[in-house]
Structures are given as structure tokens and as C-alpha cells.
>>> print(open('final24.txt').read())   # compact mmCIF, C-alpha atoms
# COMPACT_ATOMS: atom_id res chain seq x y z
CA MET A 17 -35.08 -6.87 10.88
CA VAL A 18 -35.24 -4.15 13.50
CA HIS A 19 -31.56 -3.57 14.12
CA LYS A 20 -29.16 -2.44 11.46
CA LEU A 21 -25.45 -2.00 12.10
CA ASN A 22 -24.82 0.21 9.06
CA TYR A 23 -21.11 -0.40 8.90
CA LEU A 24 -19.50 -0.14 5.49
CA LYS A 25 -17.22 -2.88 4.19
CA GLU A 26 -13.56 -2.21 3.52
CA THR A 27 -12.74 -1.86 -0.17
CA PRO A 28 -11.21 -5.15 -1.33
CA SER A 29 -7.50 -5.13 -2.09
CA GLN A 30 -6.10 -5.93 -5.52
CA THR A 31 -2.51 -6.65 -6.47
CA ALA A 32 -0.28 -3.64 -7.08
CA GLY A 33 0.81 -5.38 -10.29
CA PRO A 34 4.18 -5.14 -12.02
CA TYR A 35 3.90 -1.44 -12.85
CA VAL A 36 3.44 -0.07 -9.35
CA HIS A 37 6.42 2.22 -10.00
CA ILE A 38 4.47 4.30 -12.52
CA GLY A 39 2.22 5.50 -9.78
CA LEU A 40 4.41 5.45 -6.72
CA ALA A 41 7.97 5.81 -8.02
CA PRO A 42 7.70 7.07 -11.62
CA GLY A 43 11.41 7.87 -11.80
CA ALA A 44 12.12 4.16 -11.55
CA ALA A 45 9.53 3.41 -14.25
CA GLY A 46 11.60 5.60 -16.53
CA PHE A 47 10.09 9.06 -16.50
CA GLY A 48 10.07 12.19 -14.37
CA ILE A 49 6.67 13.73 -13.77
CA TYR A 50 6.48 15.00 -10.20
CA ASP A 51 8.57 17.78 -8.73
CA GLN A 52 9.07 15.57 -5.69
CA GLU A 53 8.58 11.84 -5.40
CA LEU A 54 7.48 10.79 -1.95
CA GLY A 55 9.18 8.34 0.38
CA TRP A 56 12.83 8.64 -0.60
CA ASP A 57 13.99 10.40 2.55
CA ILE A 58 12.79 8.52 5.62
CA ALA A 59 14.58 10.25 8.47
CA GLY A 60 15.55 13.66 7.07
CA PRO A 61 18.74 15.56 7.88
CA ASN A 62 17.89 16.56 11.45
CA ALA A 63 17.07 13.20 12.98
CA THR A 64 19.26 12.19 15.89
CA GLY A 65 20.39 8.63 16.50
CA GLU A 66 22.45 6.06 14.70
CA ARG A 67 22.42 6.24 10.91
CA ILE A 68 21.87 2.80 9.44
CA ARG A 69 21.20 1.11 6.14
CA VAL A 70 18.89 -1.89 5.72
CA GLU A 71 19.28 -4.15 2.71
CA GLY A 72 17.72 -7.35 1.50
CA LEU A 73 15.95 -9.46 -1.07
CA VAL A 74 12.40 -10.70 -1.27
CA MET A 75 12.41 -14.34 -2.38
CA ASP A 76 9.50 -16.29 -3.80
CA GLY A 77 8.69 -19.96 -3.20
CA THR A 78 11.13 -21.11 -5.88
CA GLY A 79 14.01 -19.25 -4.20
CA SER A 80 14.06 -16.58 -6.91
CA PRO A 81 14.23 -12.87 -6.09
CA VAL A 82 11.02 -10.89 -6.54
CA LYS A 83 12.19 -8.04 -8.74
CA ASP A 84 8.99 -6.03 -8.99
CA VAL A 85 8.24 -5.75 -5.29
CA MET A 86 7.67 -2.44 -3.51
CA LEU A 87 8.11 -2.05 0.24
CA GLU A 88 6.92 0.73 2.47
CA THR A 89 8.52 1.38 5.85
CA TRP A 90 7.02 3.00 8.92
CA GLN A 91 9.14 3.65 11.98
CA ALA A 92 9.59 5.76 15.08
CA ASN A 93 12.57 8.05 15.59
CA ALA A 94 15.51 7.22 17.85
CA ALA A 95 13.45 8.24 20.88
CA GLY A 96 10.69 5.77 19.97
CA VAL A 97 8.22 8.43 18.80
CA TYR A 98 6.19 8.24 15.59
CA ALA A 99 5.72 11.36 13.45
CA HIS A 100 1.98 11.32 13.88
CA PRO A 101 -0.17 14.16 15.23
CA GLU A 102 -2.07 12.04 17.71
CA HIS A 103 1.00 10.36 19.11
CA PRO A 104 2.49 12.05 22.14
CA GLY A 105 5.95 13.46 21.74
CA GLU A 106 7.86 15.38 19.16
CA THR A 107 9.92 14.26 16.22
CA GLU A 108 12.73 16.16 14.55
CA ASP A 109 11.87 18.64 11.82
CA GLY A 110 11.89 16.70 8.54
CA PHE A 111 11.54 13.30 10.16
CA ARG A 112 8.61 11.50 8.55
CA GLY A 113 9.53 7.93 9.40
CA TRP A 114 7.91 6.62 6.25
CA GLY A 115 9.65 5.40 3.15
CA ARG A 116 9.18 3.72 -0.17
CA VAL A 117 11.69 1.13 -1.27
CA ILE A 118 11.94 -0.46 -4.69
CA THR A 119 14.32 -3.04 -6.04
CA ASP A 120 17.02 -3.06 -8.60
CA PHE A 121 15.07 -4.49 -11.55
CA ASP A 122 17.94 -6.82 -12.54
CA SER A 123 18.91 -8.27 -9.17
CA GLY A 124 15.91 -7.68 -6.91
CA GLU A 125 18.20 -6.14 -4.25
CA TRP A 126 16.70 -3.32 -2.23
CA GLY A 127 17.97 -1.05 0.49
CA PHE A 128 17.18 2.11 2.38
CA ASP A 129 18.93 4.58 4.67
CA THR A 130 17.40 5.77 7.91
CA VAL A 131 18.07 6.13 11.62
CA LYS A 132 17.71 3.22 13.98
CA PRO A 133 14.38 3.58 15.79
CA GLY A 134 14.10 3.50 19.56
CA ALA A 135 12.13 1.17 21.80
CA MET A 136 8.59 2.24 22.66
CA MET A 137 5.68 1.35 24.87
CA GLY A 138 3.49 -1.42 23.56
CA ARG A 139 0.26 -2.83 24.91
CA ASN A 140 -0.29 -3.53 28.57
CA GLY A 141 2.75 -1.57 29.65
CA GLN A 142 5.18 -3.87 27.84
CA MET A 143 8.04 -2.25 25.96
CA MET A 144 8.44 -3.12 22.30
CA ALA A 145 11.98 -3.59 21.02
CA PRO A 146 13.17 -1.21 18.28
CA HIS A 147 11.59 -2.19 14.98
CA ILE A 148 10.64 -0.94 11.54
CA ASN A 149 7.20 -1.87 10.20
CA LEU A 150 7.09 -3.12 6.63
CA TRP A 151 4.28 -3.36 4.08
CA ILE A 152 5.05 -5.39 0.98
CA VAL A 153 3.18 -5.31 -2.33
CA ALA A 154 3.93 -6.84 -5.73
CA ARG A 155 2.46 -8.63 -8.68
CA GLY A 156 1.04 -11.90 -7.35
CA ILE A 157 0.48 -10.48 -3.85
CA ASN A 158 -3.27 -9.98 -3.56
CA ILE A 159 -3.20 -7.98 -0.35
CA GLY A 160 -0.19 -6.20 1.13
CA LEU A 161 1.91 -8.25 3.56
CA ASN A 162 2.83 -6.77 6.94
CA THR A 163 5.94 -7.70 8.84
CA ARG A 164 8.50 -6.10 11.16
CA ILE A 165 12.25 -5.66 11.04
CA TYR A 166 13.97 -6.13 14.41
CA PHE A 167 17.71 -5.75 15.03
CA SER A 168 20.26 -8.44 15.87
CA ASP A 169 22.14 -6.20 18.36
CA GLU A 170 19.01 -5.80 20.52
CA GLU A 171 19.01 -9.29 21.99
CA THR A 172 17.71 -8.32 25.42
CA ALA A 173 14.96 -6.08 24.09
CA ASN A 174 13.98 -8.61 21.45
CA ALA A 175 13.69 -11.34 24.07
CA ALA A 176 11.18 -9.22 25.99
CA ASP A 177 9.28 -7.96 22.94
CA PRO A 178 5.57 -8.81 23.21
CA VAL A 179 5.12 -9.21 19.45
CA ILE A 180 8.09 -11.52 18.92
CA SER A 181 6.95 -13.49 21.95
CA LEU A 182 3.56 -14.06 20.34
CA ILE A 183 5.18 -16.26 17.74
CA GLU A 184 4.80 -19.78 19.02
CA TRP A 185 7.60 -21.27 16.93
CA GLU A 186 10.89 -19.96 18.27
CA ARG A 187 12.82 -20.73 15.10
CA ARG A 188 10.40 -18.61 13.08
CA ARG A 189 11.15 -15.60 15.29
CA GLN A 190 14.58 -15.43 13.64
CA THR A 191 12.94 -14.42 10.36
CA LEU A 192 12.22 -11.00 11.86
CA ILE A 193 15.79 -10.24 12.98
CA ALA A 194 18.00 -8.19 10.67
CA THR A 195 21.70 -9.04 10.93
CA ARG A 196 24.06 -6.19 11.77
CA SER A 197 27.41 -5.70 10.12
CA GLU A 198 29.76 -2.83 9.34
CA GLN A 199 30.73 -2.11 5.76
CA ASP A 200 33.14 0.72 4.94
CA GLY A 201 32.43 2.26 8.32
CA LYS A 202 28.66 2.21 7.80
CA VAL A 203 26.19 0.14 9.76
CA VAL A 204 24.28 -2.20 7.47
CA TYR A 205 21.55 -4.61 8.45
CA ARG A 206 20.64 -7.53 6.23
CA PHE A 207 16.97 -8.50 6.12
CA ASP A 208 15.96 -11.10 3.54
CA ILE A 209 12.28 -11.87 3.23
CA ASN A 210 11.01 -15.30 2.20
CA LEU A 211 7.44 -15.43 0.94
CA GLN A 212 7.38 -19.21 1.28
CA GLY A 213 9.48 -22.17 2.32
CA GLN A 214 10.93 -23.48 5.54
CA ASP A 215 12.23 -20.04 6.42
CA GLU A 216 9.03 -18.24 5.44
CA THR A 217 9.06 -14.80 7.04
CA VAL A 218 6.49 -14.21 9.75
CA PHE A 219 3.72 -12.00 8.40
CA PHE A 220 1.17 -10.30 10.61
CA ASP A 221 -2.53 -9.67 10.37
CA ILE A 222 -2.55 -6.22 11.92
CA MET B 21 -5.83 14.94 22.32
CA PRO B 22 -7.00 11.37 22.85
CA LYS B 23 -4.89 8.59 21.48
CA PRO B 24 -6.13 7.28 18.12
CA GLY B 25 -8.30 4.20 18.40
CA GLU B 26 -7.56 0.69 17.29
CA PHE B 27 -8.87 -0.61 14.00
CA TYR B 28 -11.67 -3.05 13.49
CA GLN B 29 -10.30 -6.42 12.54
CA ARG B 30 -9.84 -6.84 8.81
CA ASP B 31 -12.44 -9.18 7.29
CA ARG B 32 -10.18 -11.74 5.67
CA ASN B 33 -13.15 -13.51 4.08
CA TRP B 34 -14.04 -10.30 2.25
CA GLN B 35 -10.47 -9.56 1.21
CA PRO B 36 -8.73 -11.82 -1.31
CA PRO B 37 -6.73 -14.76 0.08
CA ALA B 38 -3.00 -14.88 -0.67
CA LEU B 39 -3.25 -18.01 -2.81
CA VAL B 40 -5.61 -18.02 -5.80
CA PRO B 41 -4.28 -20.60 -8.29
CA ASP B 42 -6.14 -19.10 -11.26
CA TYR B 43 -3.94 -16.02 -10.77
CA LYS B 44 -0.77 -17.95 -11.44
CA THR B 45 1.74 -15.48 -10.07
CA SER B 46 0.15 -15.80 -6.63
CA VAL B 47 1.16 -19.46 -6.37
CA ALA B 48 4.86 -18.88 -5.62
CA ARG B 49 4.31 -15.51 -3.92
CA SER B 50 1.68 -16.45 -1.34
CA PRO B 51 2.77 -17.19 2.24
CA LYS B 52 1.75 -20.68 3.32
CA TYR B 53 1.81 -20.25 7.08
CA SER B 54 -0.99 -18.44 8.84
CA LEU B 55 -0.64 -14.73 9.49
CA ILE B 56 0.07 -13.98 13.13
CA SER B 57 -2.80 -11.85 14.42
CA LEU B 58 -1.60 -8.75 16.23
CA GLU B 59 -3.52 -6.49 18.51
CA ASN B 60 -2.81 -2.91 17.52
CA SER B 61 0.01 -0.95 19.09
CA ALA B 62 1.34 2.51 18.23
CA SER B 63 3.08 0.92 15.25
CA GLU B 64 -0.23 0.11 13.58
CA ILE B 65 -2.53 2.92 14.65
CA THR B 66 -0.20 5.69 13.52
CA GLY B 67 0.81 6.38 9.95
CA PRO B 68 2.45 8.95 7.72
CA VAL B 69 0.82 12.34 7.25
CA PHE B 70 0.95 14.27 3.99
CA GLY B 71 0.22 17.88 3.17
CA HIS B 72 -0.19 20.20 0.24
CA ASP B 73 3.56 20.89 0.33
CA ASP B 74 4.10 17.32 -0.82
CA ILE B 75 2.19 17.56 -4.09
CA ASP B 76 1.34 20.03 -6.84
CA ALA B 77 -2.15 21.15 -7.85
CA ILE B 78 -1.76 19.73 -11.36
CA ASP B 79 -0.91 16.26 -10.05
CA ASN B 80 -4.55 15.09 -10.17
CA ASP B 81 -5.01 16.06 -13.82
CA LEU B 82 -3.60 13.24 -15.95
CA ILE B 83 -4.81 14.97 -19.11
CA LEU B 84 -2.43 17.85 -18.43
CA ASN B 85 0.27 16.60 -16.09
CA PHE B 86 2.45 15.02 -18.77
CA ALA B 87 1.12 16.62 -21.97
CA GLN B 88 3.29 18.82 -24.13
CA ASP B 89 2.18 22.42 -24.45
CA GLY B 90 -1.10 22.70 -26.34
CA GLN B 91 -1.45 18.93 -26.74
CA ALA B 92 -3.48 16.27 -24.98
CA PRO B 93 -3.49 12.49 -24.68
CA ILE B 94 -5.62 10.38 -27.02
CA GLY B 95 -8.67 8.75 -25.44
CA GLU B 96 -12.00 9.14 -23.75
CA ARG B 97 -11.89 12.07 -21.33
CA ILE B 98 -13.16 11.01 -17.91
CA ILE B 99 -13.48 12.26 -14.37
CA VAL B 100 -13.01 9.76 -11.55
CA HIS B 101 -14.33 11.05 -8.26
CA GLY B 102 -15.67 9.90 -4.93
CA ARG B 103 -15.02 9.93 -1.23
CA VAL B 104 -12.65 8.11 1.05
CA LEU B 105 -14.66 6.85 4.01
CA ASP B 106 -14.02 4.49 6.87
CA GLU B 107 -16.17 1.53 7.91
CA ASN B 108 -18.06 3.87 10.24
CA ALA B 109 -19.04 5.86 7.12
CA ARG B 110 -17.01 8.83 8.37
CA PRO B 111 -15.01 10.79 5.80
CA VAL B 112 -11.22 10.41 5.82
CA PRO B 113 -9.93 13.95 5.18
CA ASN B 114 -6.48 15.01 4.01
CA THR B 115 -5.37 11.55 3.00
CA LEU B 116 -3.14 10.83 0.03
CA VAL B 117 -4.74 9.07 -2.96
CA GLU B 118 -2.43 8.00 -5.78
CA ILE B 119 -3.41 6.39 -9.08
CA TRP B 120 -1.65 4.85 -12.07
CA GLN B 121 -2.94 3.36 -15.28
CA ALA B 122 -2.32 2.35 -18.88
CA ASN B 123 -3.08 4.73 -21.73
CA ALA B 124 -6.11 4.49 -24.04
CA GLY B 125 -4.39 1.73 -26.02
CA GLY B 126 -3.65 -0.36 -22.94
CA ARG B 127 0.07 0.48 -22.77
CA TYR B 128 1.90 1.55 -19.63
CA ARG B 129 4.68 4.10 -19.63
CA HIS B 130 7.06 1.67 -17.94
CA LYS B 131 10.36 0.35 -19.18
CA LYS B 132 9.23 -3.19 -18.40
CA ASP B 133 6.00 -3.00 -20.47
CA THR B 134 6.55 -4.42 -23.96
CA TYR B 135 2.96 -4.59 -25.23
CA LEU B 136 2.78 -3.62 -28.90
CA ALA B 137 0.29 -0.77 -28.39
CA PRO B 138 2.15 2.56 -28.54
CA VAL B 139 3.13 4.82 -25.69
CA ASP B 140 1.20 8.11 -25.87
CA PRO B 141 3.69 11.00 -25.88
CA ASN B 142 1.21 13.15 -23.97
CA PHE B 143 0.26 10.70 -21.26
CA GLY B 144 2.29 9.76 -18.19
CA GLY B 145 -0.33 7.68 -16.45
CA CYS B 146 0.01 8.66 -12.82
CA GLY B 147 -1.68 11.14 -10.53
CA ARG B 148 -2.12 11.99 -6.88
CA THR B 149 -4.25 14.17 -4.67
CA LEU B 150 -5.29 14.78 -1.07
CA THR B 151 -8.89 14.33 0.02
CA ASP B 152 -10.66 17.46 1.23
CA ASP B 153 -12.40 17.95 4.60
CA ASP B 154 -15.30 15.75 3.44
CA GLY B 155 -13.01 12.98 2.25
CA TYR B 156 -13.73 13.96 -1.35
CA TYR B 157 -11.24 13.52 -4.18
CA PHE B 158 -11.26 13.74 -7.96
CA PHE B 159 -8.99 13.04 -10.90
CA ARG B 160 -9.28 13.98 -14.54
CA THR B 161 -7.79 11.43 -16.90
CA ILE B 162 -8.47 9.36 -20.01
CA LYS B 163 -10.15 5.97 -19.87
CA PRO B 164 -7.48 3.25 -19.94
CA GLY B 165 -7.64 0.48 -22.51
CA ALA B 166 -7.85 -3.25 -21.90
CA TYR B 167 -4.63 -5.17 -22.51
CA PRO B 168 -3.42 -8.77 -22.71
CA TRP B 169 -1.30 -10.34 -19.99
CA ARG B 170 0.44 -13.64 -19.54
CA ASN B 171 -1.56 -15.95 -17.31
CA TRP B 172 -3.60 -18.19 -19.50
CA VAL B 173 -2.77 -17.75 -23.18
CA ASN B 174 -5.66 -15.39 -23.85
CA ASN B 175 -6.19 -13.30 -20.71
CA TRP B 176 -7.15 -9.64 -21.00
CA ARG B 177 -7.26 -7.21 -18.13
CA PRO B 178 -10.47 -5.21 -17.98
CA ALA B 179 -9.87 -1.45 -18.21
CA HIS B 180 -8.69 -0.44 -14.76
CA ILE B 181 -6.98 2.23 -12.71
CA HIS B 182 -4.70 1.28 -9.81
CA VAL B 183 -5.54 3.16 -6.62
CA SER B 184 -3.34 3.57 -3.52
CA VAL B 185 -4.73 5.06 -0.29
CA PHE B 186 -3.19 5.73 3.12
CA GLY B 187 -5.80 6.65 5.70
CA THR B 188 -4.55 7.73 9.11
CA GLY B 189 -2.87 4.54 10.35
CA PHE B 190 -0.39 2.15 8.76
CA ALA B 191 -2.90 -0.70 9.24
CA GLN B 192 -5.29 1.05 6.82
CA ARG B 193 -2.80 1.05 3.95
CA LEU B 194 -4.54 -0.21 0.83
CA ILE B 195 -3.88 -0.70 -2.86
CA THR B 196 -6.73 -1.72 -5.10
CA GLN B 197 -7.97 -1.42 -8.68
CA LEU B 198 -10.94 0.49 -10.06
CA TYR B 199 -12.97 -1.07 -12.89
CA PHE B 200 -15.65 0.50 -15.08
CA GLU B 201 -19.35 -0.31 -15.00
CA GLY B 202 -20.49 -2.51 -17.85
CA ASP B 203 -17.10 -3.94 -18.86
CA PRO B 204 -17.60 -7.60 -19.94
CA LEU B 205 -13.96 -8.40 -19.15
CA ILE B 206 -14.48 -7.88 -15.41
CA ALA B 207 -16.21 -11.21 -14.88
CA LYS B 208 -13.51 -13.08 -16.82
CA CYS B 209 -10.48 -11.67 -15.01
CA PRO B 210 -8.53 -13.97 -12.65
CA ILE B 211 -7.19 -10.94 -10.76
CA VAL B 212 -10.67 -9.51 -10.19
CA ASN B 213 -11.78 -12.97 -9.13
CA THR B 214 -9.17 -13.22 -6.40
CA VAL B 215 -11.91 -11.42 -4.44
CA PRO B 216 -14.20 -14.25 -3.37
CA ASP B 217 -17.49 -12.42 -2.74
CA PRO B 218 -19.39 -11.07 -5.81
CA GLU B 219 -20.75 -8.26 -3.66
CA ALA B 220 -17.19 -7.26 -2.75
CA ILE B 221 -16.25 -7.21 -6.44
CA GLN B 222 -19.07 -4.74 -7.07
CA GLN B 223 -17.31 -2.42 -4.65
CA LEU B 224 -14.44 -2.25 -7.17
CA VAL B 225 -16.64 -1.18 -10.08
CA ALA B 226 -16.94 2.59 -10.58
CA LEU B 227 -20.41 3.68 -11.64
CA LEU B 228 -21.19 5.88 -14.60
CA ASP B 229 -22.17 9.20 -13.03
CA MET B 230 -24.02 11.31 -15.58
CA ASN B 231 -24.78 14.05 -13.09
CA ALA B 232 -21.08 14.67 -12.45
CA SER B 233 -20.25 14.64 -16.15
CA ILE B 234 -19.42 17.89 -17.92
CA PRO B 235 -21.67 18.09 -21.00
CA LEU B 236 -19.79 18.17 -24.32
CA ASP B 237 -16.50 17.73 -22.44
CA THR B 238 -15.87 14.89 -19.96
CA ILE B 239 -17.81 11.89 -18.68
CA ALA B 240 -17.69 10.91 -15.01
CA TYR B 241 -17.38 7.75 -12.93
CA LYS B 242 -17.94 7.57 -9.20
CA PHE B 243 -15.70 5.45 -6.96
CA ASP B 244 -15.96 5.58 -3.19
CA ILE B 245 -13.15 3.97 -1.20
CA VAL B 246 -13.69 2.46 2.24
CA LEU B 247 -10.81 2.05 4.70
CA ARG B 248 -10.86 0.17 7.99
CA GLY B 249 -12.80 1.86 10.79
CA ARG B 250 -11.42 2.79 14.18
CA ARG B 251 -12.86 2.27 17.59
CA SER B 252 -13.48 5.72 18.95
CA THR B 253 -11.05 5.84 21.86
CA LEU B 254 -8.19 3.96 23.36
CA PHE B 255 -7.79 4.81 27.00
CA GLU B 256 -4.85 3.44 28.96
CA ASN B 257 -4.74 0.49 26.59
CA ARG B 258 -8.30 -0.44 27.50
CA LEU B 259 -10.94 -0.24 24.83
CA GLU B 260 -13.88 1.95 25.62
CA GLY B 261 -17.12 1.55 23.77
CA ASN B 262 -18.13 3.25 20.59
>>> encode(input="final24.txt", output="C-alpha cells")
Amino acid sequence: MVHKLNYLKETPSQTAGPYVHIGLAPGAAGFGIYDQELGWDIAGPNATGERIRVEGLVMDGTGSPVKDVMLETWQANAAGVYAHPEHPGETEDGFRGWGRVITDFDSGEWGFDTVKPGAMMGRNGQMMAPHINLWIVARGINIGLNTRIYFSDEETANAADPVISLIEWERRRQTLIATRSEQDGKVVYRFDINLQGQDETVFFDI
Amino acid sequence: MPKPGEFYQRDRNWQPPALVPDYKTSVARSPKYSLISLENSASEITGPVFGHDDIDAIDNDLILNFAQDGQAPIGERIIVHGRVLDENARPVPNTLVEIWQANAGGRYRHKKDTYLAPVDPNFGGCGRTLTDDDGYYFFRTIKPGAYPWRNWVNNWRPAHIHVSVFGTGFAQRLITQLYFEGDPLIAKCPIVNTVPDPEAIQQLVALLDMNASIPLDTIAYKFDIVLRGRRSTLFENRLEGN
């Protein structure tokens, strides 16, 4: 053969297993080892915008909570800018926009505090509604699952969002919308994730 | 600075499928509907950035990072080293690599692990580092032991180290496992065999690297990690060539 492409192949994924916390959140595994664990503070103290909390459960195909799941979040700030050197714009000092979220081992409930991200430009000049990107790993998940959290109080923006609009089945679009409520004066969004079933969450191949 | 490029599509026939019935836990945890394919936007081509302020120098030395003064964990002293590259064979510098593993007896330091092998008082089992300008990384640790797990009645995990890598965009995020050359348990493992292509499985097997070993001290294994490659530029949302 004359022509060779010489691309490498991506390393295959393997499940994070049940003990992912040892590596990525050792405090939760039951021991302190690092001076600072990464991913606990998503927005930092200086970020502007609305402070919110997002909570939920990850459910398996039997309707049982997945208690050993780990989620990572990736979001823009309130102005719709990612804390990334090649992305135009500035983010507040201390805003990383990335977080690690683990569950309560007994209930499977998880939650994180952040600021609500802003809308941003998507492909082809179409604005994307505010959203938080999620990456989900656990025992039994062979390759991390990608999805997005959108917000129930952004109806107009959600209706015009080019990613939500890609989903052919309108009733499945609802699986990406977190429900807003106020609890003790704090804004809390509920976002349950179903790995299977009639209400299976939409997952993306990004 | 040009905008970062989009990623090559992930080869889903090379990567493990969600459902592999021989790995029983995947049955109730695998989505049944198709993934929705998404062309990259800023949300996928950007990702978190880490620096030396985030970690400590000792974090990549699992022989020392949890040991009591003057003591060391039990087990075979090893170096695991290699490069993080992308599919274009370019190094991925300054990216965070995190590992975790069982001790030499196959026991994890985790409150949910109840295997009868003992916890090693001098071994935590986790480490992290940033790749250098050439994408190079290394860890010093002890070789983990095999251990039984509940799948079939008599399943044993081959000795392995869990590896987490970031890259430069959220779409490159990857967790995998490193196995050791020559381990007969690799071929028998339902988790290894979630990867359909035998050639792909070989990419998960670290090679004995005598030249990188330290005589009379520590033996070395080499493990290169490949993340998704980027197209070189993205200009006004139109893809230019490579």
C-alpha cells in the first residue's frame, strides 16, 4: 500500500468501577491524602450571576438509584464564556466551570452548587440556551455518558436551542430540562437521570 | 489565537458498547436508545485547565504519598510511564492524569471494599500528575494485586490501575484501565472483554520496559494514552482542512 494515514487510535475506555472515589474524590472513599481535592468549587467566590443548586438521582433500568456514580460538570459563566484559554472572553478569577459530583452512598442523591450559566453562540450562528454539560461514569458504564442540563425557566431559549431541536422525539427533550423551585430562599433545580426506561435521558455522542 | 478545532468522531466500534451482557452490571446501566450525535460546539471543544498550583509534587509517588515516616508499602516497586498523545500523534502537554488502584494484596482503601485481603497502612492507592511539554508523565507505585469480584461466581480482575485523563476539551474526557503484559487473567476478564477488538485490548496492556527500569530498585512499565484528535482549525464555524 502506498498511502498510509498514520493516525493513532483512541485508547479504549473502561468502566470507572465502584471505587472511582479513591482516585478522584479520596475524601469520600474515607481517607485524606491530597492537600486539595479538585472539582469541589465550580464557580468560585467571584463569579457573577444567579447562585443555584442542582440536585438529582441517577436511576438504573430497574428504577433503583445508582449509588456509586460520579458526574463531572462543565459550564460557562453567567456571561456564556468558558474558562478556557482558547475561548474568547474572560471569566471571573477563580471561576473554573468544572466540577466533580458524587452521591450519598446510602441514598444515591447528588447535588452541586454553582452559578447559572449564560446563553452562548452555537454552530451556524444559532444561540444555545443556558446549559451545563455532564459526563457520567460508574461501575457498569463502559464509556462515560454525555448529556446536558437545561433549565425549566428558559422556555424561549430552550425552544430555539439547536441541540434540543436535534432530538426528533419531542417528549424525550423533556429529559434534559431541570425543574426550578425555591427552597429556603435558594434556587434549586431538580435533574433526575434515567439510564433506561421510557423516560431514558437523552445521551449524546459528542 | 485561533479557535480550537473540532474533534474527530469517536470510533464507537473501537470503544466498548454500553451493553455487554457478560459484564452483568452493564445490563441495567446501559442506555437502550441510540446516542444523539452532536456536532461540536464550544461546550465540547473547551475543557477545564489545570496547573501546578492544583497538585503537589509528591502526588505522583504512590510509594511515598501515603506512607508513614520511614516506612513503605508492601509490594513490587514499579514505575508506570508514557506519553499522552492525540490521534494525530501530537503530544498533549500539561494535562491532568489521575490514577487509582488496589494494593499488592488486591484490596482498595475504600469504605465499600470488603475483600478479606488487608489494607496496607502505608498505601493510599491514588496519584495524579500533569504531563510535561512532550506529553510525558510518570508515576511510582507498587504493582496492584488481582482480586475477586462478583459477576460470575469465580471472576478475578487482572492486576490493573485505573487511569483518568482530561485532554484539552470536554469531549476528550476518558477513564480507562491499565493492565500488565503477560497477565493470564486479562483474556478471561469480562470487563476487559467489553472492548470488542483484540487489537484495541492490546492498547490497554502496559509493556515491560527494562530500559526504563532502575536496576536493583524499581521495574518499569510503559503505557501511552491516546486521546481524540482535533482538526487543526475552526474558522467561522466552517472546517478548514488539516
>>> residues_around(input="final24.txt", residues="Thr119 in chain A", least_positions_apart="6", cutoff="8 Å", atoms="only C-alpha atoms", output="list in words")
Lys83, Asp84, Val85, Met86, Glu125, Trp126 and Gly127 of chain A
>>> interface_residues(input="final24.txt", of="chain B", to="chain A", cutoff="7 Å", atoms="all atoms listed in the file", output="number ranges by chain")
B: 21, 23-24, 34-38, 45-46, 48-52, 55-62, 64, 66-69, 86, 107-109, 118-120, 130-131, 146-147, 191, 194-197, 220, 223, 245-248, 257
>>> atom_distance(input="final24.txt", atom1="CA of Tyr167 in chain B", atom2="CA of Ile181 in chain B")
12.5 Å
>>> residues_around(input="final24.txt", residues="Glu26 in chain B", least_positions_apart="6", cutoff="7 Å", atoms="all atoms listed in the file", output="PyMOL selection string")
chain B and resi 60+65+250-251+254
>>> closest_residue(input="final24.txt", among="A:Ala175, A:Gln190, A:Ala95, A:Asp208", to="Glu66 in chain A", atoms="all atoms listed in the file")
A:Ala95
>>> residues_around(input="final24.txt", residues="range 87-100 of chain B", least_positions_apart="5", cutoff="8 Å", atoms="only C-alpha atoms", output="PDB file with C-alpha atoms, keeping the file's coordinate frame")
ATOM      1  CA  ASN B 123      -3.080   4.730 -21.730  1.00  0.00           C
ATOM      2  CA  ALA B 124      -6.110   4.490 -24.040  1.00  0.00           C
ATOM      3  CA  ASP B 140       1.200   8.110 -25.870  1.00  0.00           C
ATOM      4  CA  PRO B 141       3.690  11.000 -25.880  1.00  0.00           C
ATOM      5  CA  ASN B 142       1.210  13.150 -23.970  1.00  0.00           C
ATOM      6  CA  PHE B 143       0.260  10.700 -21.260  1.00  0.00           C
ATOM      7  CA  GLY B 144       2.290   9.760 -18.190  1.00  0.00           C
ATOM      8  CA  PHE B 158     -11.260  13.740  -7.960  1.00  0.00           C
ATOM      9  CA  PHE B 159      -8.990  13.040 -10.900  1.00  0.00           C
ATOM     10  CA  ARG B 160      -9.280  13.980 -14.540  1.00  0.00           C
ATOM     11  CA  THR B 161      -7.790  11.430 -16.900  1.00  0.00           C
ATOM     12  CA  ILE B 162      -8.470   9.360 -20.010  1.00  0.00           C
ATOM     13  CA  LYS B 163     -10.150   5.970 -19.870  1.00  0.00           C
ATOM     14  CA  PRO B 164      -7.480   3.250 -19.940  1.00  0.00           C
ATOM     15  CA  SER B 233     -20.250  14.640 -16.150  1.00  0.00           C
ATOM     16  CA  ASP B 237     -16.500  17.730 -22.440  1.00  0.00           C
ATOM     17  CA  THR B 238     -15.870  14.890 -19.960  1.00  0.00           C
ATOM     18  CA  ILE B 239     -17.810  11.890 -18.680  1.00  0.00           C
ATOM     19  CA  ALA B 240     -17.690  10.910 -15.010  1.00  0.00           C
ATOM     20  CA  TYR B 241     -17.380   7.750 -12.930  1.00  0.00           C
ATOM     21  CA  LYS B 242     -17.940   7.570  -9.200  1.00  0.00           C
ATOM     22  CA  PHE B 243     -15.700   5.450  -6.960  1.00  0.00           C
TER      23      PHE B 243
END
>>> closest_residue(input="final24.txt", among="B:Trp176, B:Tyr157, B:Tyr135, B:Phe190", to="Pro210 in chain B", atoms="only C-alpha atoms")
B:Trp176
>>> closest_residue(input="final24.txt", among="B:Val112, B:Pro216, B:Leu224, B:Pro235", to="Leu39 in chain B", atoms="all atoms listed in the file")
B:Pro216
>>> atom_distance(input="final24.txt", atom1="CA of Thr188 in chain B", atom2="CA of Glu170 in chain A")
29.5 Å
>>> closest_residue(input="final24.txt", among="A:Ser168, A:Pro146, A:Asp120, A:Gly134", to="Pro81 in chain A", atoms="all atoms listed in the file")
A:Asp120
>>> atom_distance(input="final24.txt", atom1="CA of Phe167 in chain A", atom2="CA of Ile180 in chain A")
11.9 Å
>>> closest_residue(input="final24.txt", among="A:Ala176, A:Ala59, A:Leu73, A:Val18", to="Arg206 in chain A", atoms="only C-alpha atoms")
A:Leu73
>>> closest_residue(input="final24.txt", among="A:Gly96, A:Gly60, A:Gly72, A:Gly65", to="Val204 in chain A", atoms="all atoms listed in the file")
A:Gly72
>>> axis_aligned_box(input="final24.txt", around="range 77-80 of chain B", padding_each_side="5 Å", output="lines of an AutoDock Vina configuration file")
center_x = -2.7
center_y = 18.1
center_z = -9.6
size_x = 13.6
size_y = 16.1
size_z = 13.5
